[in-house]
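What follows is one structure encoded as C-alpha cells, with my remarks underneath.
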Amino acid sequence: MAGIVELRERHRGPVIAPGDDRYDGARATFNGMVDRRPEVVVRPLDAADVVTAVQFAREGDLPVSIRGGGHGVAGHCVGDGSVAVDLRLMRQVVVDPEKRTATCGGGALWDDLDPPCQVHGLATPGGTFGDTGVAGLTLGGGLGHLSPSLGLTLDNLLEANLVTADGAVVSASEGENPELFWALRGGGGNFGVVTQFTFQLHPVGLLLGGQIDFRYEDAPVALTRWRDVMADAPDLLASFGQVYRSPAVGLSGANLSFAWLGAPDDGNAVIAELTAGLTPTRNTVRPMHYCELQDIYERIPFGLRNYWSGRFLGELPDELLMQTIEIFRDPAMAGGVLIEPLHGAPARIASDATAFAGREARWNATFLNIWTDPDMDETEIEKARAFSRSLEPWRVGGGYLNYANEAASESLETEFGVERFQRLLAVKRDLDPANVFRFNHNIANA
C-alpha cells in the first residue's frame, strides 16, 4: 500500500496492513457481528506515535478509529477505511499514593489499573469487568460497584491528554481547556485520541461483595424487594439486578450483585432484608477486596455476537418490573435484562457539570443479548430493540451509550438533550470540524 513503507519508518510501534498475517486478528473486536476493514492498524508506543498516525491519516484524507480496550459492544474501535489507532501497547500505570492519584495510558484495562492502586489500599470507580478498557468506560460514563459512594468513573477524572485531529497534543482539566474537559466526560471518543488519563483515588479496603441468585419463580418477589431497597439505598450500597434465561445451559432466574462498603453487620442486615422468606440458589457474598469484586461476573469472551439496547428510566414501577420478568417465562427465550440504580454520589452532581446525560434518570435498564449463530442475527437484534421500545412510558432522555450498539435515534440530541448536545457540537466543531474521529456515537457537524 502506498505510504505504508514511509509510515513504518516514522511510526515506532507495529504497523499492520491488509495482507499481513496479523491483520485479521488486529481488526477483530469484542462483538463478532462487526467485520470492518481498516486501511491500516497502528499500535503506538507513545503520544508521539499517535501524532504520527493522525498525521498520516490526514495526509491521506482518511478517518481515524480508536481502540482502547476494544470491549465496546458497538465495535466502534475499528472503522472501515480508517487508520485504526490501537492503543493496547500504551497500558502503563503510575500510582502516587501520597497525592492519591493514578495515571494510565489510553490502552489500559481496569485489570492494569486496579491492582497497583489496591496495593496502596486505593481505588477509583471502574465498571464491573476488569477486562474493560479504561478509556471507553471513562469517556462515556462509568457505572460500577463504587459509583454510589464515589461517583461515576468520569467524575473522578482529573486530567486527560489527547491528540487532536490536527495532530496537536493538548491537556484537558478543570484548569486547562475546561470546555474540552467537560465534553470528554460523557461525550465519548469524538474529540481526539486520549493517550493518558489521571484519576483521583480513594481509600477502599475490605468490603462485603458477591452475588445472590434466585429461582425464576422467585424473581417477582426478589426483584420487587430489591427495587424497594435500592429506591432508598445509602451510598454504601451498590447492587445491580438481573433477570435472565439461558436455554443452552438450562439456567434462568434473578441475580443481584452486592457491594457494601460499610460495617459488615449492617451489610448483612441488608442481605437479610433482600432474602427474607426466599431461598437463594447461590449466595457468594463475603468479605473481599475490590479487585476480587471486579471479578465476580464471568467474563464475556471476545468474538460472540452481541446486541445490547436499553434506556435511562425515571422510575421502575411494578408494571415495568413484571413485564420485564415475563419476557423470560418462555423456555426458548435467551438473554437477560440488567437494571442499574443511579443513586448516591452521581445523582448529587449537577446535570450540566459534565456531558454525561444520565444524571436526570433514576435507573438504567438494558437488554443484553449474546448468541453465536449468524442466521439468528435479525431475530436476536429485534428482541433487544423490542425491550427498549417497551420502556418508552418511563424513559428519561436516551440510553447509556457505553452499552448501546446504536443510539436510540439518528440524532444524538435525543440522547444528550438539546442544550448539552449543542455544547458538545461546539467543541466538536472547534477540534474536529472534518469529523476525522467519526467511529463513535458520533456528534457530526452536518
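Lettering and numbering for the C-alpha cells are positional, with chains as A, B, ... in the shown order, residues counted from 1 in each chain, and ligands counted from 1 in the shown order.
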Query raised in the report: If you count only C-alpha atoms, which residues fall within 9 Å of A:Asp86, apart from same-chain ones fewer than 3 positions away, as a PyMOL selection string?
Result: chain A and resi 26+41-44+65-70+77-78+89-90+107
Residues from last step as file, N, CA and C atoms, as a compact mmCIF listing (two decimals), in the first residue's frame:
```txt
# COMPACT_ATOMS: atom_id res chain seq x y z
N ALA A 26 -5.89 -8.29 14.18
CA ALA A 26 -5.80 -6.90 14.64
C ALA A 26 -7.11 -6.14 14.47
N VAL A 41 -3.75 -0.74 10.59
CA VAL A 41 -3.84 -0.74 12.05
C VAL A 41 -2.46 -0.38 12.58
N VAL A 42 -2.41 0.65 13.42
CA VAL A 42 -1.15 1.04 14.04
C VAL A 42 -1.25 0.85 15.55
N ARG A 43 -0.15 0.43 16.15
CA ARG A 43 -0.10 0.24 17.60
C ARG A 43 1.00 1.15 18.16
N PRO A 44 0.62 2.36 18.56
CA PRO A 44 1.61 3.33 19.02
C PRO A 44 2.28 2.90 20.31
N SER A 65 -10.11 5.64 13.54
CA SER A 65 -10.83 4.92 14.59
C SER A 65 -9.86 4.65 15.73
N ILE A 66 -10.39 4.49 16.95
CA ILE A 66 -9.55 4.42 18.14
C ILE A 66 -9.91 3.19 18.96
N ARG A 67 -8.93 2.38 19.25
CA ARG A 67 -9.14 1.22 20.11
C ARG A 67 -8.43 1.42 21.44
N GLY A 68 -9.22 1.39 22.51
CA GLY A 68 -8.65 1.37 23.85
C GLY A 68 -8.60 -0.07 24.31
N GLY A 69 -9.64 -0.49 25.05
CA GLY A 69 -9.72 -1.89 25.45
C GLY A 69 -10.36 -2.78 24.40
N GLY A 70 -11.06 -2.19 23.44
CA GLY A 70 -11.71 -2.97 22.39
C GLY A 70 -12.97 -3.67 22.83
N CYS A 77 -14.28 0.64 17.71
CA CYS A 77 -12.82 0.72 17.77
C CYS A 77 -12.16 0.39 16.43
N VAL A 78 -12.92 -0.15 15.48
CA VAL A 78 -12.38 -0.42 14.16
C VAL A 78 -13.35 0.14 13.12
N LEU A 89 -0.72 -1.20 23.39
CA LEU A 89 0.65 -1.20 23.91
C LEU A 89 0.90 -0.04 24.87
N MET A 90 -0.07 0.85 25.01
CA MET A 90 0.05 2.01 25.90
C MET A 90 -0.78 1.76 27.15
N GLY A 107 -4.56 2.85 26.46
CA GLY A 107 -4.95 1.48 26.17
C GLY A 107 -5.11 0.61 27.39
```
Requested in this report: Can you pull out every residue within 12 Å of A:Asn177, counting only C-alpha atoms, but drop anything in the same chain fewer than 2 positions away, and send it as number ranges by chain?
Outcome: A: 159-162, 170-175, 179-184, 427, 430-431
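Each of A:Val270, A:Arg299, A:Gln242, A:Val249 was checked against A:Thr324 using only C-alpha atoms; the smallest atom-to-atom distance is that of A:Gln242.
In this model, the gap between atom CA of A:Ala353 and atom CA of A:Leu313 comes to 20.2 Å.
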Query raised in the report: Neighbours of A:Val50 within 12 Å (only C-alpha atoms; same-chain residues fewer than 2 positions away dropped), as a ChimeraX atom specification?
Result: /A:7,10-15,41-48,52-57,64-67,83-87,89-90,106-107,161-169,192-196
Output file for the selection above: N, CA and C atoms, as a short mmCIF file (atom, residue, chain, number, x, y, z; two decimals), in the first residue's frame:
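Writing done, so here's out_26.cif:
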```
data_model
loop_
_atom_site.label_atom_id
_atom_site.label_comp_id
_atom_site.auth_asym_id
_atom_site.auth_seq_id
_atom_site.Cartn_x
_atom_site.Cartn_y
_atom_site.Cartn_z
N LEU A 7 5.23 5.15 6.50
CA LEU A 7 4.64 5.14 7.83
C LEU A 7 5.45 4.25 8.77
N ARG A 10 8.35 6.05 10.11
CA ARG A 10 8.06 7.15 11.04
C ARG A 10 7.44 6.68 12.35
N HIS A 11 6.71 5.56 12.30
CA HIS A 11 5.93 5.08 13.46
C HIS A 11 6.69 3.92 14.10
N ARG A 12 7.06 4.06 15.36
CA ARG A 12 7.94 3.07 16.00
C ARG A 12 7.21 1.81 16.44
N GLY A 13 5.89 1.93 16.72
CA GLY A 13 5.12 0.76 17.08
C GLY A 13 4.72 -0.04 15.84
N PRO A 14 4.15 -1.23 16.04
CA PRO A 14 3.75 -2.07 14.91
C PRO A 14 2.78 -1.37 13.96
N VAL A 15 2.95 -1.62 12.68
CA VAL A 15 2.05 -1.14 11.62
C VAL A 15 1.57 -2.37 10.86
N VAL A 41 -3.75 -0.74 10.59
CA VAL A 41 -3.84 -0.74 12.05
C VAL A 41 -2.46 -0.38 12.58
N VAL A 42 -2.41 0.65 13.42
CA VAL A 42 -1.15 1.04 14.04
C VAL A 42 -1.25 0.85 15.55
N ARG A 43 -0.15 0.43 16.15
CA ARG A 43 -0.10 0.24 17.60
C ARG A 43 1.00 1.15 18.16
N PRO A 44 0.62 2.36 18.56
CA PRO A 44 1.61 3.33 19.02
C PRO A 44 2.28 2.90 20.31
N LEU A 45 3.50 3.40 20.50
CA LEU A 45 4.22 3.20 21.74
C LEU A 45 4.02 4.36 22.70
N ASP A 46 3.70 5.54 22.15
CA ASP A 46 3.53 6.73 22.98
C ASP A 46 2.75 7.78 22.20
N ALA A 47 2.59 8.96 22.79
CA ALA A 47 1.82 10.02 22.15
C ALA A 47 2.45 10.46 20.84
N ALA A 48 3.78 10.44 20.75
CA ALA A 48 4.45 10.84 19.50
C ALA A 48 4.05 9.92 18.35
N THR A 52 2.01 10.79 14.83
CA THR A 52 2.41 10.29 13.51
C THR A 52 1.26 9.62 12.78
N ALA A 53 0.49 8.79 13.50
CA ALA A 53 -0.63 8.08 12.90
C ALA A 53 -1.72 9.05 12.44
N VAL A 54 -2.03 10.04 13.27
CA VAL A 54 -3.07 11.01 12.90
C VAL A 54 -2.61 11.85 11.71
N GLN A 55 -1.35 12.24 11.71
CA GLN A 55 -0.83 13.00 10.57
C GLN A 55 -0.88 12.18 9.28
N PHE A 56 -0.56 10.90 9.38
CA PHE A 56 -0.65 10.01 8.21
C PHE A 56 -2.08 9.95 7.70
N ALA A 57 -3.03 9.85 8.62
CA ALA A 57 -4.44 9.80 8.22
C ALA A 57 -4.85 11.08 7.51
N VAL A 64 -10.11 8.33 11.32
CA VAL A 64 -9.36 7.62 12.36
C VAL A 64 -10.33 6.92 13.30
N SER A 65 -10.11 5.64 13.54
CA SER A 65 -10.83 4.92 14.59
C SER A 65 -9.86 4.65 15.73
N ILE A 66 -10.39 4.49 16.95
CA ILE A 66 -9.55 4.42 18.14
C ILE A 66 -9.91 3.19 18.96
N ARG A 67 -8.93 2.38 19.25
CA ARG A 67 -9.14 1.22 20.11
C ARG A 67 -8.43 1.42 21.44
N VAL A 83 -7.64 4.69 9.52
CA VAL A 83 -6.41 4.40 10.24
C VAL A 83 -6.85 4.03 11.65
N ALA A 84 -6.73 2.76 11.98
CA ALA A 84 -7.16 2.27 13.29
C ALA A 84 -6.00 2.41 14.28
N VAL A 85 -6.17 3.33 15.23
CA VAL A 85 -5.14 3.57 16.23
C VAL A 85 -5.43 2.67 17.42
N ASP A 86 -4.64 1.62 17.54
CA ASP A 86 -4.83 0.58 18.56
C ASP A 86 -3.86 0.84 19.71
N LEU A 87 -4.41 1.25 20.86
CA LEU A 87 -3.59 1.71 21.97
C LEU A 87 -3.18 0.60 22.94
N LEU A 89 -0.72 -1.20 23.39
CA LEU A 89 0.65 -1.20 23.91
C LEU A 89 0.90 -0.04 24.87
N MET A 90 -0.07 0.85 25.01
CA MET A 90 0.05 2.01 25.90
C MET A 90 -0.78 1.76 27.15
N GLY A 106 -3.69 5.30 27.45
CA GLY A 106 -5.00 5.22 26.83
C GLY A 106 -5.48 3.83 26.48
N GLY A 107 -4.56 2.85 26.46
CA GLY A 107 -4.95 1.48 26.17
C GLY A 107 -5.11 0.61 27.39
N ASN A 161 -4.90 13.74 28.54
CA ASN A 161 -4.03 14.22 27.46
C ASN A 161 -4.50 13.56 26.17
N LEU A 162 -4.62 14.35 25.11
CA LEU A 162 -5.09 13.77 23.86
C LEU A 162 -4.44 14.40 22.65
N VAL A 163 -4.49 13.64 21.55
CA VAL A 163 -4.02 14.10 20.25
C VAL A 163 -5.26 14.46 19.44
N THR A 164 -5.32 15.69 18.97
CA THR A 164 -6.49 16.17 18.24
C THR A 164 -6.36 15.88 16.75
N ALA A 165 -7.38 16.26 16.01
CA ALA A 165 -7.43 15.92 14.58
C ALA A 165 -6.34 16.61 13.77
N ASP A 166 -5.80 17.71 14.25
CA ASP A 166 -4.72 18.38 13.53
C ASP A 166 -3.34 17.94 14.01
N GLY A 167 -3.30 16.90 14.87
CA GLY A 167 -2.04 16.37 15.34
C GLY A 167 -1.45 17.09 16.53
N ALA A 168 -2.21 17.99 17.13
CA ALA A 168 -1.72 18.70 18.32
C ALA A 168 -1.90 17.83 19.55
N VAL A 169 -1.01 18.00 20.53
CA VAL A 169 -1.11 17.30 21.81
C VAL A 169 -1.60 18.31 22.84
N GLY A 192 -10.75 13.29 19.94
CA GLY A 192 -9.34 13.00 19.76
C GLY A 192 -8.95 11.67 20.35
N VAL A 193 -7.68 11.34 20.25
CA VAL A 193 -7.14 10.10 20.80
C VAL A 193 -6.60 10.40 22.19
N VAL A 194 -7.28 9.94 23.23
CA VAL A 194 -6.81 10.18 24.59
C VAL A 194 -5.67 9.21 24.88
N THR A 195 -4.51 9.76 25.12
CA THR A 195 -3.31 8.93 25.32
C THR A 195 -3.00 8.71 26.78
N GLN A 196 -3.61 9.53 27.68
CA GLN A 196 -3.30 9.38 29.10
C GLN A 196 -4.44 9.94 29.95
#
```
Query raised in the report: If we count only C-alpha atoms, what is near A:Pro38 at a cut-off of 6 Å, once residues fewer than 3 positions away on the same chain are taken out, given as a list in words?
Result: Gly79, Asp80, Gly81 and Ser82 of chain A
Please save N, CA and C atoms of the selected residues as a PDB file, in the first residue's frame.
```
ATOM      1  N   GLY A  79     -12.830   0.955  12.203  1.00  0.00           N
ATOM      2  CA  GLY A  79     -13.684   1.558  11.183  1.00  0.00           C
ATOM      3  C   GLY A  79     -13.255   1.184   9.789  1.00  0.00           C
ATOM      4  N   ASP A  80     -14.215   0.909   8.926  1.00  0.00           N
ATOM      5  CA  ASP A  80     -13.900   0.631   7.521  1.00  0.00           C
ATOM      6  C   ASP A  80     -13.135   1.803   6.921  1.00  0.00           C
ATOM      7  N   GLY A  81     -12.042   1.479   6.239  1.00  0.00           N
ATOM      8  CA  GLY A  81     -11.288   2.500   5.533  1.00  0.00           C
ATOM      9  C   GLY A  81     -10.547   3.474   6.408  1.00  0.00           C
ATOM     10  N   SER A  82     -10.384   3.145   7.676  1.00  0.00           N
ATOM     11  CA  SER A  82      -9.777   4.075   8.619  1.00  0.00           C
ATOM     12  C   SER A  82      -8.323   3.734   8.895  1.00  0.00           C
TER      13      SER A  82
END
```
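Among the candidates A:Leu208, A:Ala407, A:Ile327, A:Leu236, the residue lying nearest to A:Asn283 is A:Leu208 (atoms considered: only C-alpha atoms).
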Query raised in the report: as a ChimeraX atom specification, which residues of stretch 239-362 of chain A does DSSP assign to strand (DSSP E)?
Result: /A:241-246,251-260,282-283,286-288,305-313,335-341
Report task. Could you give me, as a list of chain:residue names, the residues within 12 Å of A:Gln422, counting only C-alpha atoms and dropping anything in the same chain fewer than 4 positions from it? Result -> A:Ala183, A:Gly187, A:Ala355, A:Ser411, A:Leu412, A:Glu413, A:Thr414, A:Glu415, A:Phe416, A:Gly417, A:Val418, A:Ala426, A:Val427, A:Lys428, A:Arg429, A:Ile443, A:Ala444, A:Asn445
Can you spit out the residues from that selection as a tab-separated table (two decimals), in the first residue's frame, using C-alpha atoms?
```tsv
chain	number	residue	atom	x	y	z
A	183	ALA	CA	-17.05	17.36	26.80
A	187	GLY	CA	-19.08	12.87	25.04
A	355	ALA	CA	-21.53	15.90	29.35
A	411	SER	CA	-29.93	12.49	16.21
A	412	LEU	CA	-27.87	12.42	19.39
A	413	GLU	CA	-29.99	15.33	20.59
A	414	THR	CA	-32.32	12.60	21.84
A	415	GLU	CA	-29.52	11.09	23.87
A	416	PHE	CA	-27.91	14.24	25.25
A	417	GLY	CA	-30.74	16.75	25.27
A	418	VAL	CA	-30.73	19.92	23.16
A	426	ALA	CA	-19.43	23.48	19.59
A	427	VAL	CA	-16.44	21.58	21.00
A	428	LYS	CA	-16.54	19.14	18.09
A	429	ARG	CA	-16.61	21.95	15.52
A	443	ILE	CA	-21.50	14.16	17.11
A	444	ALA	CA	-21.41	15.14	13.46
A	445	ASN	CA	-21.09	18.73	12.29
```
Report summary line: A:Pro63 proximity check over A:Asp114, A:Glu217, A:Asp131, A:Glu39, using only C-alpha atoms: winner is A:Glu39
Requested in this report: Check the smallest atom-to-atom distance from each of A:Gly60, A:Gly397, A:Gly189, A:Gly136 to A:Gly72 using only C-alpha atoms, then report the winner.
Outcome: A:Gly136
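Between A:Thr124 and the residues A:Met33, A:Leu146, A:Ile4, A:Leu139, the shortest atom-to-atom distance, using only C-alpha atoms, involves A:Leu146.
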